[in-house]
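Text of the file protein_29.txt, holding compact mmCIF, C-alpha atoms:
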# COMPACT_ATOMS: atom_id res chain seq x y z
CA MET A 1 -14.90 -0.55 18.23
CA LYS A 2 -15.05 -1.12 14.50
CA ILE A 3 -12.45 -3.54 13.10
CA LEU A 4 -11.62 -3.78 9.37
CA TYR A 5 -9.76 -6.70 7.79
CA PHE A 6 -7.95 -6.80 4.44
CA ALA A 7 -6.39 -9.36 2.05
CA TRP A 8 -5.59 -12.80 3.56
CA VAL A 9 -6.34 -11.57 7.07
CA ARG A 10 -9.89 -10.87 5.88
CA GLU A 11 -10.13 -14.33 4.32
CA ALA A 12 -8.72 -16.03 7.42
CA VAL A 13 -11.03 -14.22 9.84
CA GLY A 14 -13.98 -14.76 7.50
CA CYS A 15 -15.39 -11.19 7.37
CA ASP A 16 -14.27 -7.77 6.14
CA GLU A 17 -15.42 -5.89 9.23
CA GLU A 18 -16.96 -6.40 12.64
CA THR A 19 -17.93 -4.30 15.63
CA VAL A 20 -16.68 -5.39 19.03
CA ALA A 21 -17.25 -4.09 22.56
CA LEU A 22 -13.75 -3.44 23.80
CA PRO A 23 -13.09 -4.08 27.52
CA ALA A 24 -11.55 -1.04 29.21
CA GLU A 25 -8.38 -2.94 30.15
CA ILE A 26 -7.58 -3.54 26.46
CA ASP A 27 -5.80 -0.27 25.78
CA THR A 28 -3.06 -0.86 23.19
CA VAL A 29 -2.85 -2.31 19.67
CA GLY A 30 -0.83 -5.27 20.97
CA ALA A 31 -3.37 -6.06 23.71
CA LEU A 32 -6.18 -5.72 21.16
CA LEU A 33 -4.57 -8.31 18.86
CA ASP A 34 -4.17 -10.73 21.80
CA TRP A 35 -7.79 -10.17 22.80
CA LEU A 36 -9.11 -10.58 19.23
CA ALA A 37 -7.14 -13.81 18.79
CA ASP A 38 -9.23 -15.33 21.60
CA ARG A 39 -12.54 -14.61 19.84
CA SER A 40 -12.51 -17.69 17.58
CA PRO A 41 -10.15 -20.28 16.07
CA ALA A 42 -10.32 -18.31 12.81
CA HIS A 43 -9.18 -15.12 14.57
CA ALA A 44 -6.43 -17.05 16.33
CA ALA A 45 -5.16 -18.50 13.04
CA ALA A 46 -5.31 -15.12 11.26
CA LEU A 47 -3.39 -13.33 14.01
CA ALA A 48 -0.97 -16.11 14.98
CA ASP A 49 2.14 -14.68 13.31
CA ARG A 50 2.45 -11.05 14.42
CA ASP A 51 5.40 -10.45 12.09
CA ARG A 52 2.94 -10.82 9.21
CA ILE A 53 0.32 -8.48 10.70
CA ARG A 54 0.11 -4.71 10.30
CA VAL A 55 -2.36 -2.36 11.99
CA ALA A 56 -3.81 1.09 11.38
CA VAL A 57 -5.71 3.10 13.99
CA ASN A 58 -8.13 5.67 12.55
CA GLU A 59 -6.46 5.20 9.15
CA ASP A 60 -2.93 5.84 10.39
CA PHE A 61 -0.40 3.03 10.56
CA ALA A 62 0.26 2.11 14.17
CA ARG A 63 2.77 0.12 16.21
CA PRO A 64 1.83 -2.40 18.95
CA ASP A 65 2.28 0.14 21.76
CA ARG A 66 -0.18 2.62 20.20
CA PRO A 67 -3.05 3.29 22.66
CA VAL A 68 -6.59 2.41 21.55
CA THR A 69 -10.08 3.01 22.93
CA ASP A 70 -13.51 1.65 22.06
CA ARG A 71 -14.16 4.74 19.89
CA ASP A 72 -11.27 3.99 17.49
CA GLU A 73 -11.51 2.31 14.12
CA VAL A 74 -8.81 -0.32 13.73
CA ALA A 75 -7.72 -1.96 10.46
CA ILE A 76 -5.74 -5.22 10.45
CA PHE A 77 -3.91 -6.41 7.32
CA PRO A 78 -0.75 -8.07 5.93
CA PRO A 79 2.35 -6.04 5.00
CA LEU A 80 1.64 -3.89 1.94
CA THR A 81 2.55 -5.16 -1.53
CA GLY A 82 1.57 -2.37 -3.93
CA GLY A 83 3.54 -0.86 -6.78
CA GLY A 84 4.90 -2.62 -9.84
CA ALA A 85 6.45 -6.04 -10.32
CA HIS A 86 7.59 -7.50 -7.00
CA SER A 87 10.33 -9.80 -8.21
CA MET B 1 0.41 17.11 -8.97
CA THR B 2 -2.04 14.35 -9.77
CA VAL B 3 -3.00 11.12 -8.04
CA ARG B 4 -5.49 8.69 -9.55
CA VAL B 5 -6.63 5.26 -8.36
CA GLN B 6 -8.77 3.33 -10.81
CA ALA B 7 -9.91 -0.14 -11.85
CA GLU B 8 -9.78 0.66 -15.57
CA PRO B 9 -6.65 -0.03 -17.66
CA PHE B 10 -4.65 3.03 -18.71
CA ASP B 11 -2.30 3.88 -21.56
CA PRO B 12 1.07 5.02 -20.14
CA ALA B 13 1.97 6.90 -23.34
CA ALA B 14 -1.29 8.86 -23.32
CA GLU B 15 -0.94 9.58 -19.60
CA LEU B 16 2.61 10.85 -20.07
CA ALA B 17 1.58 13.01 -23.03
CA ALA B 18 -1.20 14.63 -20.98
CA PHE B 19 1.16 15.07 -18.02
CA THR B 20 3.79 16.71 -20.23
CA GLU B 21 1.24 19.04 -21.77
CA GLY B 22 0.29 20.40 -18.36
CA LEU B 23 3.84 21.24 -17.34
CA GLY B 24 5.57 24.58 -17.60
CA ASP B 25 9.22 25.08 -18.48
CA VAL B 26 10.85 21.80 -17.38
CA GLY B 27 14.00 20.12 -18.62
CA ALA B 28 13.47 16.54 -17.50
CA ILE B 29 10.74 13.97 -16.92
CA ALA B 30 11.44 10.55 -15.39
CA GLN B 31 8.77 7.89 -15.50
CA PHE B 32 8.26 4.40 -14.11
CA VAL B 33 5.69 1.89 -15.37
CA GLY B 34 5.04 -1.25 -13.31
CA LEU B 35 3.58 -4.17 -15.25
CA VAL B 36 1.91 -7.44 -14.35
CA ARG B 37 4.57 -10.09 -14.95
CA SER B 38 3.91 -13.76 -15.64
CA GLY B 39 7.30 -14.70 -14.18
CA PRO B 40 8.71 -18.16 -13.38
CA ASP B 41 5.50 -19.22 -11.57
CA GLY B 42 3.37 -18.60 -14.66
CA VAL B 43 1.05 -15.95 -13.21
CA THR B 44 -2.14 -15.81 -15.28
CA ALA B 45 -3.82 -12.91 -13.47
CA LEU B 46 -3.14 -10.46 -10.67
CA THR B 47 -5.73 -8.93 -8.35
CA LEU B 48 -4.90 -5.84 -6.34
CA GLU B 49 -7.02 -5.23 -3.28
CA HIS B 50 -6.87 -1.77 -1.73
CA TRP B 51 -8.39 0.30 1.08
CA PRO B 52 -10.54 2.78 -0.81
CA GLU B 53 -11.01 5.29 2.05
CA VAL B 54 -7.26 5.62 2.54
CA THR B 55 -5.43 4.91 -0.74
CA ASP B 56 -5.86 8.34 -2.34
CA ARG B 57 -4.64 10.14 0.76
CA LYS B 58 -1.58 7.90 1.19
CA LEU B 59 -0.60 8.39 -2.46
CA ALA B 60 -1.08 12.15 -2.12
CA ASP B 61 1.13 12.11 1.01
CA ILE B 62 3.86 10.27 -0.93
CA GLU B 63 3.63 12.77 -3.76
CA THR B 64 3.76 15.72 -1.37
CA GLU B 65 6.80 14.24 0.37
CA ALA B 66 8.54 13.79 -3.00
CA ARG B 67 7.90 17.39 -3.94
CA THR B 68 9.18 18.57 -0.57
CA ARG B 69 12.40 16.57 -0.86
CA PHE B 70 13.18 17.10 -4.52
CA ASP B 71 12.86 20.10 -6.76
CA LEU B 72 9.89 18.80 -8.75
CA ALA B 73 7.82 20.95 -11.09
CA GLY B 74 5.19 18.24 -11.49
CA SER B 75 4.35 14.70 -10.40
CA LEU B 76 1.90 11.99 -11.37
CA ILE B 77 0.81 8.70 -9.81
CA VAL B 78 -1.76 6.46 -11.54
CA HIS B 79 -2.39 3.17 -9.71
CA ARG B 80 -4.85 0.43 -10.63
CA TYR B 81 -6.77 -1.96 -8.43
CA GLY B 82 -8.86 -5.04 -9.27
CA ARG B 83 -8.00 -7.93 -11.56
CA MET B 84 -5.51 -7.59 -14.43
CA GLN B 85 -3.56 -9.72 -16.90
CA PRO B 86 0.19 -10.15 -17.54
CA GLY B 87 1.55 -7.28 -19.62
CA GLU B 88 -0.98 -4.74 -18.32
CA PRO B 89 0.32 -1.64 -16.52
CA ILE B 90 -0.34 -1.61 -12.76
CA VAL B 91 1.16 1.74 -11.87
CA LEU B 92 2.62 4.79 -13.55
CA VAL B 93 4.80 7.26 -11.69
CA ALA B 94 6.27 10.38 -13.31
CA ALA B 95 8.35 13.25 -11.95
CA ALA B 96 9.25 16.45 -13.78
CA SER B 97 11.97 18.91 -12.89
CA ALA B 98 14.34 21.45 -14.37
CA HIS B 99 17.17 18.90 -14.24
CA ARG B 100 17.50 15.15 -14.63
CA GLN B 101 18.77 14.17 -11.19
CA ALA B 102 15.75 15.60 -9.33
CA ALA B 103 13.43 13.91 -11.84
CA PHE B 104 15.18 10.52 -11.47
CA ASP B 105 15.33 10.76 -7.68
CA GLY B 106 11.76 12.02 -7.28
CA CYS B 107 10.43 9.20 -9.44
CA ALA B 108 12.47 6.48 -7.68
CA PHE B 109 11.47 7.85 -4.28
CA MET B 110 7.75 7.69 -5.10
CA VAL B 111 8.06 4.14 -6.48
CA ASP B 112 9.95 2.92 -3.41
CA TRP B 113 7.56 4.52 -0.94
CA LEU B 114 4.51 3.31 -2.86
CA LYS B 115 5.49 -0.29 -2.30
CA THR B 116 5.65 0.00 1.46
CA LYS B 117 3.29 2.85 2.37
CA ALA B 118 0.25 2.62 0.07
CA PRO B 119 -2.48 0.18 1.18
CA PHE B 120 -2.43 -2.32 -1.69
CA TRP B 121 -2.27 -6.11 -1.50
CA LYS B 122 -1.49 -8.37 -4.47
CA ARG B 123 -3.02 -11.78 -5.10
CA GLU B 124 -1.58 -13.89 -7.93
CA GLU B 125 -3.36 -16.62 -9.87
CA THR B 126 -1.38 -19.49 -11.39
CA ALA B 127 -2.28 -22.97 -12.65
CA ALA B 128 -1.76 -24.15 -9.05
CA GLY B 129 -4.34 -21.72 -7.63
CA ALA B 130 -4.38 -18.23 -6.14
CA GLN B 131 -1.96 -16.92 -3.55
CA TRP B 132 -1.40 -13.63 -1.73
CA VAL B 133 1.99 -12.10 -2.48
CA GLU B 134 4.29 -11.80 0.54
CA ALA B 135 6.00 -8.48 1.20
CA ARG B 136 9.73 -8.48 0.55
CA ARG B 137 12.40 -7.26 2.89
CA THR B 138 14.16 -5.68 -0.10
CA ASP B 139 11.09 -3.45 -0.56
CA ASP B 140 11.50 -2.15 3.00
CA GLU B 141 15.20 -1.61 2.41
CA ALA B 142 14.49 0.28 -0.81
CA ALA B 143 12.05 2.55 1.01
CA ASP B 144 14.44 3.01 3.94
CA ARG B 145 17.32 4.12 1.75
CA TRP B 146 15.58 7.49 1.51
CA ASN B 147 16.13 7.82 5.27
CA ALA B 148 12.53 8.15 6.41
CA PRO B 149 12.22 10.56 9.34
CA ALA B 150 11.64 8.90 12.72
CA GLY B 151 8.05 7.84 13.27
CA SER B 152 7.10 7.37 9.64
CA GLY B 153 8.30 3.78 9.38
CA SER B 154 6.67 1.41 6.95
CA PRO B 155 3.53 -0.33 8.19
If you convert what's in this file into structure tokens, what do you get?
Amino acid sequence: MKILYFAWVREAVGCDEETVALPAEIDTVGALLDWLADRSPAHAAALADRDRIRVAVNEDFARPDRPVTDRDEVAIFPPLTGGGAHS
Amino acid sequence: MTVRVQAEPFDPAAELAAFTEGLGDVGAIAQFVGLVRSGPDGVTALTLEHWPEVTDRKLADIETEARTRFDLAGSLIVHRYGRMQPGEPIVLVAAASAHRQAAFDGCAFMVDWLKTKAPFWKREETAAGAQWVEARRTDDEAADRWNAPAGSGSP
């Protein structure tokens, strides 16, 4: 599975993408985040606060119960902050 | 309908003139320009990161949704990424229609959805260093006031 990281999640993990071999029992977005958090202290720190984490599966925004397989591309990023002035 | 994502600065007046030229018989154009603001924290520069493979499509989806919901004769979204200075335009949104209410609503709708559905992330630089901008609950509420259909919630 290919994983993409953006913004401070990318900085916290320390890379903008990585390829992982997903165990068959990891079959949802939520389980994937738990599993990724165990990969390194940097992953754990980046993924610690799930309220500040958003996920897309194959370029579509996805909720924690969305099923995933090893063939999916998953992007992990903070809530979006585009548009004009924010305050 | 036009969507453009670019690193280069743009001139909102020139963009609006070109947009207007391409329209047929419309009675109203509403436009929104978002600017980099120095604000109380003294922001000296803003960097917008985006997801190049996805940004164009998400903006096009927002534009299509606006045209479906409102009676728009034309629409335009120009959004920058990369590093920019206070006072520079970040985004231009314009909506054209026969009448003013559809133009106002179409423009506001696109601006609200942009903030919560387009894959952009802001990083601000101040004298104290650089910091990623946190999303605001009020942005979600602004997007939700258009009553998004079930399943299309903000990411």
Answer as an MDAnalysis selection string, residues within 10 Å of (-2.2, -4.9, -5.9) using only C-alpha atoms: (chainID A and resid 80:85) or (chainID B and resid 36 46:50 79:84 90:91 115 118:124 132:133)
For chain A against chain B, which residues fall within 10 Å using all atoms listed in the file, given as a list in words? Leu4, Tyr5, Phe6, Ala7, Trp8, Arg52, Ile53, Arg54, Val55, Ala56, Glu59, Asp60, Phe61, Ala62, Arg63, Ala75, Phe77, Pro78, Pro79, Leu80, Thr81, Gly82, Gly83, Gly84, Ala85, His86 and Ser87 of chain A
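With all atoms listed in the file as the atoms that count, the residue of B:Thr64, B:Gln85, B:Thr2, B:Gln101 with the shortest distance to Gly42 (chain B) is B:Gln85.
Take the candidates B:Glu8, B:Glu125, B:Glu63, B:Asp41 and check each one against Ala95 (chain B) using only C-alpha atoms; the shortest distance goes to B:Glu63.
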Identify which of the residues A:Glu17, A:Asp49, A:Leu22, A:Gly30 lies closest to Asp72 (chain A), counting only C-alpha atoms when measuring atom-to-atom distances. A:Leu22
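For the atom pair formed by CA of Pro41 (chain A) and CA of Arg10 (chain A), the distance is 13.9 Å, given to one decimal.
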Considering all atoms listed in the file, state which residue in the set B:Asp11, B:Phe19, B:Trp146, B:Thr44 is at the smallest distance from Pro86 (chain B). B:Thr44
Give me the residues near Leu32 (chain A) as number ranges by chain, where near means some atom within 10 Å (using only C-alpha atoms) and where sequence neighbours in that chain fewer than 2 positions away do not count. A: 22-23, 25-30, 34-37, 64, 67-69, 74
Would you save the residues of that selection, restricted to C-alpha atoms, as a CSV table (one decimal), keeping the file's coordinate frame?
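Wrote result_21.csv, looks like this:
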chain,number,residue,atom,x,y,z
A,22,LEU,CA,-13.8,-3.4,23.8
A,23,PRO,CA,-13.1,-4.1,27.5
A,25,GLU,CA,-8.4,-2.9,30.2
A,26,ILE,CA,-7.6,-3.5,26.5
A,27,ASP,CA,-5.8,-0.3,25.8
A,28,THR,CA,-3.1,-0.9,23.2
A,29,VAL,CA,-2.8,-2.3,19.7
A,30,GLY,CA,-0.8,-5.3,21.0
A,34,ASP,CA,-4.2,-10.7,21.8
A,35,TRP,CA,-7.8,-10.2,22.8
A,36,LEU,CA,-9.1,-10.6,19.2
A,37,ALA,CA,-7.1,-13.8,18.8
A,64,PRO,CA,1.8,-2.4,19.0
A,67,PRO,CA,-3.0,3.3,22.7
A,68,VAL,CA,-6.6,2.4,21.6
A,69,THR,CA,-10.1,3.0,22.9
A,74,VAL,CA,-8.8,-0.3,13.7
Might I get the box with edges along x, y and z of the file that holds all atoms of region 66-83 of chain A listed there, padded by 3 Å on every side, given as centre and edge lengths in Å to one decimal, as lines of an AutoDock Vina configuration file?
center_x = -5.3
center_y = -1.7
center_z = 8.1
size_x = 23.7
size_y = 18.8
size_z = 35.7
Provide the CA of Ala60 (chain B) to CA of Glu11 (chain A) distance in Å, to one decimal place. 28.7 Å
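Distances to Ala13 (chain B) were evaluated for B:Arg67, B:Ala94, B:Leu72, B:Ala102 using all atoms listed in the file, and the minimum falls at B:Ala94.
By all atoms listed in the file, and with residues fewer than 3 positions from Ala73 (chain B) along its chain excluded, the set lying at most 10 Å from it is Met1, Leu23, Gly24, Asp25, Val26, Gly27, Ala28, Ile29, Arg67, Phe70, Ala95, Ala96, Ser97, Ala98, Ala102 and Ala103 of chain B.
The interatomic distance for the pair CA of Arg4 (chain B) and CA of Ile77 (chain B) works out to 6.3 Å.
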Since the input has fewer atoms than a full residue there, write region 36-62 of chain A out with N, CA, C and O atoms, as a CSV table (one decimal), keeping the file's coordinate frame.
chain,number,residue,atom,x,y,z
A,36,LEU,N,-8.4,-10.1,20.4
A,36,LEU,CA,-9.1,-10.6,19.2
A,36,LEU,C,-8.8,-12.0,18.9
A,36,LEU,O,-9.7,-12.8,18.5
A,37,ALA,N,-7.5,-12.4,19.1
A,37,ALA,CA,-7.1,-13.8,18.8
A,37,ALA,C,-7.9,-14.8,19.6
A,37,ALA,O,-8.1,-16.0,19.2
A,38,ASP,N,-8.5,-14.4,20.8
A,38,ASP,CA,-9.2,-15.3,21.6
A,38,ASP,C,-10.7,-15.4,21.2
A,38,ASP,O,-11.5,-16.2,21.8
A,39,ARG,N,-11.1,-14.6,20.2
A,39,ARG,CA,-12.5,-14.6,19.8
A,39,ARG,C,-13.0,-15.9,19.1
A,39,ARG,O,-14.1,-16.3,19.3
A,40,SER,N,-12.1,-16.5,18.3
A,40,SER,CA,-12.5,-17.7,17.6
A,40,SER,C,-11.2,-18.4,17.1
A,40,SER,O,-10.2,-17.7,17.0
A,41,PRO,N,-11.3,-19.6,16.7
A,41,PRO,CA,-10.2,-20.3,16.1
A,41,PRO,C,-9.7,-19.6,14.8
A,41,PRO,O,-8.5,-19.5,14.5
A,42,ALA,N,-10.7,-19.0,14.0
A,42,ALA,CA,-10.3,-18.3,12.8
A,42,ALA,C,-9.5,-17.0,13.1
A,42,ALA,O,-8.5,-16.7,12.5
A,43,HIS,N,-9.9,-16.3,14.1
A,43,HIS,CA,-9.2,-15.1,14.6
A,43,HIS,C,-7.8,-15.5,15.0
A,43,HIS,O,-6.8,-14.9,14.7
A,44,ALA,N,-7.7,-16.6,15.8
A,44,ALA,CA,-6.4,-17.0,16.3
A,44,ALA,C,-5.5,-17.4,15.2
A,44,ALA,O,-4.3,-17.0,15.2
A,45,ALA,N,-6.0,-18.1,14.2
A,45,ALA,CA,-5.2,-18.5,13.0
A,45,ALA,C,-4.7,-17.3,12.3
A,45,ALA,O,-3.5,-17.2,11.9
A,46,ALA,N,-5.6,-16.3,12.0
A,46,ALA,CA,-5.3,-15.1,11.3
A,46,ALA,C,-4.2,-14.3,11.9
A,46,ALA,O,-3.4,-13.7,11.3
A,47,LEU,N,-4.3,-14.2,13.3
A,47,LEU,CA,-3.4,-13.3,14.0
A,47,LEU,C,-2.2,-14.0,14.6
A,47,LEU,O,-1.5,-13.4,15.4
A,48,ALA,N,-2.0,-15.3,14.3
A,48,ALA,CA,-1.0,-16.1,15.0
A,48,ALA,C,0.4,-15.6,14.8
A,48,ALA,O,1.2,-15.5,15.8
A,49,ASP,N,0.8,-15.1,13.6
A,49,ASP,CA,2.1,-14.7,13.3
A,49,ASP,C,2.2,-13.2,13.2
A,49,ASP,O,1.9,-12.6,12.2
A,50,ARG,N,2.5,-12.5,14.3
A,50,ARG,CA,2.4,-11.0,14.4
A,50,ARG,C,3.4,-10.3,13.5
A,50,ARG,O,3.2,-9.2,13.1
A,51,ASP,N,4.5,-11.1,13.1
A,51,ASP,CA,5.4,-10.4,12.1
A,51,ASP,C,4.7,-10.2,10.7
A,51,ASP,O,5.2,-9.4,9.9
A,52,ARG,N,3.6,-10.9,10.5
A,52,ARG,CA,2.9,-10.8,9.2
A,52,ARG,C,1.7,-10.0,9.3
A,52,ARG,O,0.8,-10.0,8.4
A,53,ILE,N,1.5,-9.3,10.4
A,53,ILE,CA,0.3,-8.5,10.7
A,53,ILE,C,0.7,-7.0,10.8
A,53,ILE,O,1.7,-6.7,11.5
A,54,ARG,N,-0.1,-6.1,10.1
A,54,ARG,CA,0.1,-4.7,10.3
A,54,ARG,C,-1.2,-4.1,10.7
A,54,ARG,O,-2.3,-4.7,10.5
A,55,VAL,N,-1.2,-2.9,11.4
A,55,VAL,CA,-2.4,-2.4,12.0
A,55,VAL,C,-2.4,-0.9,11.7
A,55,VAL,O,-1.4,-0.2,11.7
A,56,ALA,N,-3.6,-0.4,11.4
A,56,ALA,CA,-3.8,1.1,11.4
A,56,ALA,C,-4.9,1.5,12.4
A,56,ALA,O,-5.9,0.7,12.5
A,57,VAL,N,-4.7,2.6,13.1
A,57,VAL,CA,-5.7,3.1,14.0
A,57,VAL,C,-6.2,4.4,13.4
A,57,VAL,O,-5.4,5.3,13.1
A,58,ASN,N,-7.5,4.5,13.2
A,58,ASN,CA,-8.1,5.7,12.6
A,58,ASN,C,-7.4,6.1,11.3
A,58,ASN,O,-7.1,7.2,11.0
A,59,GLU,N,-7.1,5.1,10.5
A,59,GLU,CA,-6.5,5.2,9.2
A,59,GLU,C,-5.0,5.6,9.2
A,59,GLU,O,-4.4,6.0,8.1
A,60,ASP,N,-4.4,5.6,10.3
A,60,ASP,CA,-2.9,5.8,10.4
A,60,ASP,C,-2.2,4.6,10.9
A,60,ASP,O,-2.6,4.0,11.9
A,61,PHE,N,-1.1,4.2,10.2
A,61,PHE,CA,-0.4,3.0,10.6
A,61,PHE,C,0.1,3.2,12.0
A,61,PHE,O,0.6,4.2,12.4
A,62,ALA,N,0.0,2.0,12.7
A,62,ALA,CA,0.3,2.1,14.2
A,62,ALA,C,1.1,0.9,14.6
A,62,ALA,O,1.0,-0.2,14.1
